[in-house]
Amino acid sequence: MDAILLQILNGLDKGGAYALIALGLTLVFGTLGVVNFAHGALFMLGAFCAVTFNQLIGLEKVTIDPTQTTPWGSPVEIRVPMIEEWLGPTGTFILDYSVPFSILAAIPVMIVIGLIMERGLIQFFYRRPHAEQILVTFGLAIVLQEIIKSFFGANPIPQNPPDTLRAAADIGALFGFEPGNIVYPYWRLVYFLFSAIVIGCVFAFLQLTTFGMVVRAGMADRETVGLFGIDIEKRFTVVFGLAAVVAGLAGVMYTPILPPDYHMGMDFLVLSFVVVVVGGMGSLPGAVAAGFMLGILQSFASMTEVKSIFPGIDQIIIYLVAVIILLVRPRGLMGRKGVMEG
Amino acid sequence: MTKIVRETAHGDAIRFSLFAVLILAMPVWLVPFGAAYPDLMQKFAIYGLFAIGFNILFGLTGYLSFGHAAFLGVGSYTAVWSFKLLGMNPLPAIALAILLAGAFAWVIGYVSLRRTGIYFAILTLAFAQMSYNLAYSVLTPITNGETGLRVLNSDPRVLDHMMGAGEVDGPLVTNLFGMEMSGLPGFYFCAVWLLIGMFISFRIFRSPFGLMLMAIKSNQNRMNYTGISTRPYALTAFVISGMYAGLAGALLCVTDPLAGAERMQWTASGEVVLMTILGGAGTLLGPMLGAGIIKYSENIFSAFNEQTLHNIFGFLPDGIEGAVVSVAGLFVGEGWHLTLGLLFMLIVIFLPGGLIEGGHRIQAAVARRGKGGGSGHQAQPQAAE
């Protein structure tokens with residue numbers, strides 16, 4: 001029983017990342033009708049926002065203390081991060097919580113990147129065949145990841161979660177199991193909660209605001225909305241920016257779990273596409289549900305008990321599920337009729 | 001008034017012989033480009049085959065597969081295993097690779113072709129990633145994982161030993177009845193396969209089967225309404241293009257008996273899509289042209305380093321030179337993929353029909369000017385060249 005609970009917990013953080021990326025993909029597809037192969041690159045850019053932010057606030061001021069010397073005779077260099085010098089304890093706090101704080105930096109950056117991408121490239125591809133949309137965004141993804149590679153190198157850059165969240169929580173004791181059996185890192189819990197909150201915000205935005213209502217109307221029938229005198233394209237551009245922010249935030253918060261490198265976007269993108277297909281193209285709840293479901297399935301498949309029966313199942317379980325779903329329910333779990341048929 | 005340009009069998013024969021002469025004479029006319037060395041020409045021929053095969057699927061039926069590298073990988077592994085077990089003769093290796101890649105393509109195609117459009121692209125991508133992951137993890141006994149599969153002197157090589165050629169000093173090289181398949185003979189071996197592949201591609205383009213495939217691209221619904229099930233045709237095209245990829249993979253191992261999983265990665269699939277698009281999808285010669293250009297520029301660009309850049313831009317004033325070199329340095333050497341990605345985007349944005357279409361446009365513009373006015377509203381030749 002507790003082994004099962006542990007695997008479900010293990011799947012939640014990865015599932016959260018899948019769900020966030022798939023949500024953005026579905027949003028962009030549902031509104032703009034564009035298949036965005038560069039969406040994974042947005043996830044990666046978000047992660048590198050966190051890296052850059054960390055490097056910026058980590059800039060150090062070096063002072064030489066002539067009174068002390070190192071064992072080999074040279075004066076001791078005292079390195080103090082500038083932000084600590086300016087802000088004192090607040091600075092130390094910001095330095096410790098650099099990952100959550102980089103969300104603040106990532107939101108405007110991702111909005112700008114998203115808007116530039118949509119206005120600069122994607123808008124010219126609305127009416128072109130899907131194959132060309134796939135190809136051009138694929139090219140863009142390569143360009144973005146190569147640019148990141150040339151600035152940050154090819155090696156993963158580890159990021160630390162805040163000190164207080166570095167430990168693991170004894171979840172089992174909370175649920176009345178024997179303590180010590182189900183231990184789970186705090187940060188993964190934080191990631192799951194964070195992704196749930198972001199997903200909730202996106203849904204609330206779409207369901208509860210007038211803007212969201214117009215966007216949903218546009219998804220259903222953009223021509224009629226246009227006839228009401230609403231510039232639906234402008235709203236859809238904002239939706240693209242929103243999707244970029246969601247993907248970017250998913251990337252920012254994922255950095256302590258997986259050290260970011262330049263090709264993480266593509267790795268996640270392929271899986272997220274599978275998630276979208278399983279959930280049903282064009283269905284937002286489907287994308288979220290399938291994201292968490294596949295994340296949990298994957299963690300179950302990587303249990304040693306399962307692996308001893310089906311070796312290598314953890315590598316391919318997601319693709320297998322996708323193939324079976326597409327054969328049994330071609331529209332995916334919650335796909336609607338008429339979306340991407342034919 | 002539109003005039004449909006009909007391709008005649010005669011015209012095709014001329015075109016094919018011209019192509020054959022061009023390919024076989026590559027060691028001569030590539031000298032001024034500095035590309036006339038066997039390794040590179042082998043790559044031209046092999047990736048040309050790969051792209052020609054991909055074009056039969058993508059160019060004719062419009063199904064965009066993002067997983068063709070999987071077949072390339074399967075072909076490579078099969079070929080190396082054939083070297084290990086049977087012997088260093090490339091012919092059985094190629095036959096086995098084509099068969100196995102075809103069978104693999106049949107399985108994947110059977111499942112993937114149930115869906116069209118984006119679903120198809122994602123399904124093929126998922127299958128390719130699945131094969132790639134498996135090749136790296138569980139299938140390590142077969143694929144030798146990260147190290148890559150190579151031929152060892154201790155391998156059985158039954159046929160070689162039967163013919164008394166079992167004991168070899170030094171590295172093992174594939175040989176066709178005593179002829180070593182490296183250097184120029186290796187290139188000619190690949191070139192012959194390329195010509196065979198090109199010939200089959202010509203035949204398919206002009207056959208009723210090819211017309212059926214083009215009909216799938218132009219309007220699949222209408223085909224279904226007329227009571228024709230399109231899936232067997234698309235599946236056949238998929239299997240054929242998978243076989244081409246398997247052949248290309250085997251040839252890669254014939255020229256260098258080593259197979260690695262990175263050949264199956266999605267970047268390799270993307271590269272063949274780019275080759276086809278760059279030359280012109282749905283045209284006969286386009287994919288070959290695209291493959292040649294990509295492999296040639298890869299060779300040129302990735303060889304550059306900072307020193308060569310300094311030599312090239314040496315005539316500029318110092319400050320400007322430094323800036324130019326550091327910017328240009330992003331695009332060459334290690335950064336060659338950045339150039340590739342940019343090229344990819346530019347082609348899709350401005351010239352979705354590829355270079356061949358660009359050529360036709362220029363030709364049409366020149367012809368119009370020659371006639372002196374806009375009277376000659378000539379139709380684009382239907383999927384010619």
# chains A, B, ... in the order shown; residues from 1 in each chain; ligands from 1
>>> interface_residues(of="chain A", to="chain B", cutoff="8 Å", atoms="only C-alpha atoms", output="PyMOL selection string")
chain A and resi 35+130-132+135-137+139-143+146-147+150+270-271+273-274+277+311-312+315-316+319+323+327+330+342
>>> select_by_dssp(residues="region 109-321 of chain A", states="strand (DSSP E)", output="compact mmCIF listing (two decimals) with N, CA and C atoms, in the first residue's frame")
# COMPACT_ATOMS: atom_id res chain seq x y z
N ALA A 168 13.46 16.13 3.18
CA ALA A 168 12.34 15.35 2.68
C ALA A 168 11.27 15.26 3.76
N ALA A 169 10.03 15.17 3.31
CA ALA A 169 8.92 15.11 4.26
C ALA A 169 8.52 13.66 4.48
N ASP A 170 8.12 13.38 5.70
CA ASP A 170 7.67 12.02 5.99
C ASP A 170 6.16 11.97 5.78
N VAL A 183 9.00 8.69 2.26
CA VAL A 183 9.72 9.95 2.45
C VAL A 183 9.81 10.62 1.09
N TYR A 184 9.56 11.91 1.06
CA TYR A 184 9.41 12.57 -0.22
C TYR A 184 10.00 13.96 -0.13
N PRO A 185 10.86 14.34 -1.09
CA PRO A 185 11.50 15.66 -0.99
C PRO A 185 10.45 16.78 -1.02
>>> residues_around(residues="Ala243 (chain A)", least_positions_apart="2", cutoff="12 Å", atoms="only C-alpha atoms", output="VMD selection string")
chain A and resid 20 to 32 36 38 to 40 42 to 43 46 107 110 to 115 117 to 118 198 to 199 202 236 to 241 245 to 250
>>> write_last_selection(atoms="N, CA and C atoms", output="CSV table (one decimal), in the first residue's frame")
chain,number,residue,atom,x,y,z
A,20,LEU,N,1.6,21.0,-17.4
A,20,LEU,CA,1.8,22.4,-17.7
A,20,LEU,C,2.1,22.6,-19.1
A,21,ILE,N,3.1,21.8,-19.6
A,21,ILE,CA,3.5,22.0,-21.0
A,21,ILE,C,2.4,21.6,-21.9
A,22,ALA,N,1.7,20.5,-21.6
A,22,ALA,CA,0.6,20.1,-22.5
A,22,ALA,C,-0.5,21.1,-22.5
A,23,LEU,N,-0.8,21.7,-21.4
A,23,LEU,CA,-1.8,22.7,-21.3
A,23,LEU,C,-1.5,23.9,-22.2
A,24,GLY,N,-0.3,24.3,-22.2
A,24,GLY,CA,0.1,25.4,-23.1
A,24,GLY,C,0.0,25.0,-24.6
A,25,LEU,N,0.4,23.8,-24.9
A,25,LEU,CA,0.3,23.3,-26.3
A,25,LEU,C,-1.1,23.3,-26.7
A,26,THR,N,-2.0,22.7,-25.8
A,26,THR,CA,-3.4,22.6,-26.2
A,26,THR,C,-4.0,24.0,-26.4
A,27,LEU,N,-3.7,24.9,-25.5
A,27,LEU,CA,-4.2,26.3,-25.6
A,27,LEU,C,-3.8,26.9,-26.9
A,28,VAL,N,-2.6,26.8,-27.3
A,28,VAL,CA,-2.1,27.4,-28.5
A,28,VAL,C,-2.8,26.7,-29.7
A,29,PHE,N,-2.9,25.4,-29.6
A,29,PHE,CA,-3.5,24.7,-30.7
A,29,PHE,C,-5.0,25.1,-30.8
A,30,GLY,N,-5.7,25.1,-29.7
A,30,GLY,CA,-7.1,25.4,-29.7
A,30,GLY,C,-7.5,26.8,-30.2
A,31,THR,N,-6.6,27.8,-29.8
A,31,THR,CA,-6.9,29.1,-30.2
A,31,THR,C,-6.4,29.4,-31.6
A,32,LEU,N,-5.1,29.2,-31.8
A,32,LEU,CA,-4.4,29.7,-33.0
A,32,LEU,C,-4.5,28.6,-34.1
A,36,ASN,N,2.7,23.8,-32.2
A,36,ASN,CA,4.0,24.5,-31.8
A,36,ASN,C,5.0,23.5,-31.4
A,38,ALA,N,8.0,24.4,-31.0
A,38,ALA,CA,8.9,25.2,-30.2
A,38,ALA,C,8.5,25.3,-28.8
A,39,HIS,N,7.4,24.7,-28.4
A,39,HIS,CA,6.9,24.9,-27.1
A,39,HIS,C,7.8,24.3,-26.0
A,40,GLY,N,8.5,23.2,-26.3
A,40,GLY,CA,9.4,22.7,-25.4
A,40,GLY,C,10.6,23.6,-25.2
A,42,LEU,N,10.3,26.8,-25.1
A,42,LEU,CA,9.9,27.8,-24.1
A,42,LEU,C,10.1,27.3,-22.7
A,43,PHE,N,9.8,26.0,-22.5
A,43,PHE,CA,10.1,25.4,-21.2
A,43,PHE,C,11.5,25.5,-20.8
A,46,GLY,N,12.5,29.0,-20.0
A,46,GLY,CA,12.1,29.4,-18.6
A,46,GLY,C,13.1,28.9,-17.6
A,107,ILE,N,8.4,35.8,-15.6
A,107,ILE,CA,7.1,36.1,-16.1
A,107,ILE,C,7.2,37.2,-17.2
A,110,MET,N,9.2,35.8,-20.3
A,110,MET,CA,8.4,34.9,-21.1
A,110,MET,C,7.3,35.5,-21.9
A,111,ILE,N,6.7,36.5,-21.3
A,111,ILE,CA,5.6,37.2,-22.0
A,111,ILE,C,6.2,37.9,-23.3
A,112,VAL,N,7.4,38.5,-23.1
A,112,VAL,CA,8.0,39.2,-24.2
A,112,VAL,C,8.4,38.2,-25.3
A,113,ILE,N,9.0,37.1,-24.8
A,113,ILE,CA,9.5,36.1,-25.8
A,113,ILE,C,8.3,35.5,-26.5
A,114,GLY,N,7.2,35.2,-25.8
A,114,GLY,CA,6.0,34.7,-26.4
A,114,GLY,C,5.4,35.6,-27.4
A,115,LEU,N,5.3,36.9,-27.1
A,115,LEU,CA,4.7,37.9,-28.0
A,115,LEU,C,5.6,38.0,-29.2
A,117,MET,N,7.6,35.9,-30.5
A,117,MET,CA,7.5,34.6,-31.3
A,117,MET,C,6.2,34.6,-32.1
A,118,GLU,N,5.1,35.0,-31.4
A,118,GLU,CA,3.8,35.0,-32.1
A,118,GLU,C,3.7,36.0,-33.2
A,198,VAL,N,-1.0,26.9,-10.8
A,198,VAL,CA,-0.9,27.5,-12.1
A,198,VAL,C,-2.1,27.0,-13.0
A,199,ILE,N,-2.3,25.7,-13.0
A,199,ILE,CA,-3.4,25.1,-13.8
A,199,ILE,C,-4.7,25.7,-13.3
A,202,VAL,N,-5.1,29.2,-14.7
A,202,VAL,CA,-5.4,29.3,-16.1
A,202,VAL,C,-6.8,29.0,-16.4
A,236,PHE,N,-6.0,36.2,-29.1
A,236,PHE,CA,-5.2,34.9,-29.2
A,236,PHE,C,-3.7,35.2,-29.0
A,237,THR,N,-3.3,36.3,-29.5
A,237,THR,CA,-1.8,36.6,-29.2
A,237,THR,C,-1.6,36.6,-27.7
A,238,VAL,N,-2.5,37.2,-27.0
A,238,VAL,CA,-2.3,37.2,-25.5
A,238,VAL,C,-2.3,35.8,-25.0
A,239,VAL,N,-3.2,35.0,-25.6
A,239,VAL,CA,-3.2,33.6,-25.1
A,239,VAL,C,-1.9,32.9,-25.4
A,240,PHE,N,-1.3,33.2,-26.5
A,240,PHE,CA,0.0,32.6,-26.8
A,240,PHE,C,1.0,33.1,-25.8
A,241,GLY,N,1.0,34.4,-25.4
A,241,GLY,CA,1.9,34.8,-24.3
A,241,GLY,C,1.7,34.1,-23.1
A,245,VAL,N,4.2,31.8,-20.8
A,245,VAL,CA,4.5,32.0,-19.4
A,245,VAL,C,4.3,30.7,-18.6
A,246,VAL,N,3.2,30.0,-19.0
A,246,VAL,CA,2.9,28.7,-18.2
A,246,VAL,C,4.1,27.8,-18.5
A,247,ALA,N,4.5,27.6,-19.7
A,247,ALA,CA,5.7,26.7,-20.0
A,247,ALA,C,6.9,27.2,-19.3
A,248,GLY,N,7.2,28.5,-19.3
A,248,GLY,CA,8.4,29.1,-18.7
A,248,GLY,C,8.4,28.8,-17.2
A,249,LEU,N,7.2,29.1,-16.6
A,249,LEU,CA,7.2,28.8,-15.1
A,249,LEU,C,7.4,27.4,-14.8
A,250,ALA,N,6.8,26.5,-15.6
A,250,ALA,CA,7.1,25.1,-15.4
A,250,ALA,C,8.6,24.8,-15.4
>>> closest_residue(among="B:Asn311, B:Ser218, B:Asn175, B:Ser17", to="Val324 (chain B)", atoms="only C-alpha atoms")
B:Asn311
>>> residues_around(residues="Pro100 (chain A)", least_positions_apart="4", cutoff="8 Å", atoms="only C-alpha atoms", output="compact mmCIF listing (two decimals) with C-alpha atoms, in the first residue's frame")
# COMPACT_ATOMS: atom_id res chain seq x y z
CA LEU A 104 9.17 37.24 -10.92
CA VAL A 252 11.76 27.69 -13.73
CA MET A 253 10.38 25.58 -10.94
>>> select_by_dssp(residues="region 208-329 of chain B", states="helix (DSSP H, G or I)", output="NGL selection string")
:B and (208-218 or 220-225 or 231-255 or 261-264 or 266-279 or 286-303 or 306-315 or 318-329)
>>> write_last_selection(atoms="C-alpha atoms", output="short mmCIF file (atom, residue, chain, number, x, y, z; two decimals), in the first residue's frame")
data_model
loop_
_atom_site.label_atom_id
_atom_site.label_comp_id
_atom_site.auth_asym_id
_atom_site.auth_seq_id
_atom_site.Cartn_x
_atom_site.Cartn_y
_atom_site.Cartn_z
CA PRO B 208 -0.51 4.47 -61.54
CA PHE B 209 0.57 3.68 -58.00
CA GLY B 210 2.41 6.99 -57.84
CA LEU B 211 -0.64 8.81 -59.16
CA MET B 212 -2.68 7.18 -56.44
CA LEU B 213 -0.23 8.44 -53.84
CA MET B 214 -0.44 11.97 -55.25
CA ALA B 215 -4.21 11.71 -55.11
CA ILE B 216 -3.94 10.90 -51.41
CA LYS B 217 -1.98 14.10 -50.94
CA SER B 218 -4.32 16.30 -52.90
CA GLN B 220 -7.93 11.99 -49.36
CA ASN B 221 -11.63 12.51 -48.63
CA ARG B 222 -12.52 12.43 -52.28
CA MET B 223 -10.62 9.19 -52.66
CA ASN B 224 -12.60 7.70 -49.83
CA TYR B 225 -15.90 8.91 -51.35
CA ARG B 231 -4.57 3.05 -46.41
CA PRO B 232 -2.97 0.12 -48.28
CA TYR B 233 -1.44 2.58 -50.74
CA ALA B 234 -0.11 4.84 -48.01
CA LEU B 235 1.19 1.83 -46.09
CA THR B 236 3.01 0.56 -49.18
CA ALA B 237 4.60 3.98 -49.63
CA PHE B 238 5.58 4.00 -45.97
CA VAL B 239 7.18 0.56 -46.20
CA ILE B 240 9.02 1.47 -49.40
CA SER B 241 10.44 4.60 -47.85
CA GLY B 242 11.36 2.61 -44.75
CA MET B 243 13.27 0.19 -46.97
CA TYR B 244 15.15 3.08 -48.58
CA ALA B 245 16.09 4.26 -45.09
CA GLY B 246 17.19 0.75 -44.15
CA LEU B 247 19.33 0.59 -47.27
CA ALA B 248 20.88 3.95 -46.44
CA GLY B 249 21.58 2.77 -42.90
CA ALA B 250 23.22 -0.40 -44.21
CA LEU B 251 25.36 1.59 -46.64
CA LEU B 252 26.51 3.83 -43.79
CA CYS B 253 27.81 0.67 -42.14
CA VAL B 254 29.28 -0.70 -45.33
CA THR B 255 31.50 2.33 -45.60
CA ALA B 261 21.92 4.71 -31.35
CA GLU B 262 22.37 8.43 -32.02
CA ARG B 263 21.52 7.68 -35.64
CA MET B 264 17.93 7.13 -34.49
CA TRP B 266 14.83 12.88 -33.68
CA THR B 267 17.49 15.28 -34.94
CA ALA B 268 18.39 12.74 -37.62
CA SER B 269 14.73 12.46 -38.59
CA GLY B 270 14.53 16.22 -38.76
CA GLU B 271 17.58 16.36 -40.98
CA VAL B 272 16.07 14.15 -43.65
CA VAL B 273 12.89 16.24 -43.60
CA LEU B 274 15.03 19.32 -44.12
CA MET B 275 16.93 17.74 -47.01
CA THR B 276 13.69 16.85 -48.75
CA ILE B 277 12.11 20.25 -48.17
CA LEU B 278 15.23 22.16 -49.14
CA GLY B 279 15.45 20.46 -52.50
CA GLY B 286 14.97 17.77 -55.22
CA PRO B 287 15.75 15.42 -52.32
CA MET B 288 19.07 14.42 -53.85
CA LEU B 289 19.93 18.09 -54.36
CA GLY B 290 18.92 18.91 -50.79
CA ALA B 291 20.93 16.05 -49.33
CA GLY B 292 23.98 17.13 -51.31
CA ILE B 293 23.72 20.75 -50.22
CA ILE B 294 23.16 19.91 -46.53
CA LYS B 295 26.00 17.42 -46.34
CA TYR B 296 28.31 19.70 -48.29
CA SER B 297 27.64 22.71 -46.10
CA GLU B 298 27.81 20.61 -42.95
CA ASN B 299 31.24 19.54 -44.06
CA ILE B 300 32.33 23.08 -44.85
CA PHE B 301 30.81 24.87 -41.86
CA SER B 302 31.66 22.41 -39.15
CA ALA B 303 35.30 22.42 -40.22
CA GLU B 306 38.13 30.68 -34.96
CA GLN B 307 41.49 30.65 -36.74
CA THR B 308 40.01 30.13 -40.19
CA LEU B 309 37.48 32.87 -39.43
CA HIS B 310 40.28 35.26 -38.50
CA ASN B 311 41.94 34.41 -41.80
CA ILE B 312 38.76 35.05 -43.77
CA PHE B 313 37.89 38.36 -42.12
CA GLY B 314 41.50 39.41 -41.78
CA PHE B 315 41.04 42.31 -44.21
CA ASP B 318 40.81 45.09 -35.94
CA GLY B 319 37.82 46.07 -33.81
CA ILE B 320 35.26 45.19 -36.44
CA GLU B 321 37.05 41.97 -37.24
CA GLY B 322 36.82 40.77 -33.66
CA ALA B 323 33.10 41.46 -33.56
CA VAL B 324 32.44 39.84 -36.92
CA VAL B 325 34.43 36.78 -35.98
CA SER B 326 32.67 36.32 -32.66
CA VAL B 327 29.27 36.62 -34.33
CA ALA B 328 30.20 34.33 -37.19
CA GLY B 329 31.71 31.91 -34.72
#
>>> closest_residue(among="A:Ile318, A:Leu189, A:Leu165, A:Leu284", to="Ser299 (chain A)", atoms="only C-alpha atoms")
A:Ile318
>>> closest_residue(among="A:Lys149, A:Lys14, A:Lys234, A:His263", to="Gly291 (chain A)", atoms="only C-alpha atoms")
A:Lys14
>>> atom_distance(atom1="CA of Thr90 (chain A)", atom2="CA of Pro156 (chain A)")
28.8 Å
>>> atom_distance(atom1="CA of Ile103 (chain A)", atom2="CA of Gln7 (chain A)")
28.4 Å
>>> residues_around(residues="Ser302 (chain A)", least_positions_apart="2", cutoff="12 Å", atoms="only C-alpha atoms", output="list in words")
Gln7, Ile8, Asn10, Gly11, Gly295, Ile296, Leu297, Gln298, Ser299, Phe300, Thr304, Glu305, Val306, Lys307, Ser308, Ile309, Phe310, Pro311, Gly312, Ile313, Asp314, Gln315, Ile316, Ile317 and Ile318 of chain A
>>> closest_residue(among="B:Ala103, B:Ala93, B:Met26, B:Leu351", to="Phe44 (chain B)", atoms="only C-alpha atoms")
B:Met26
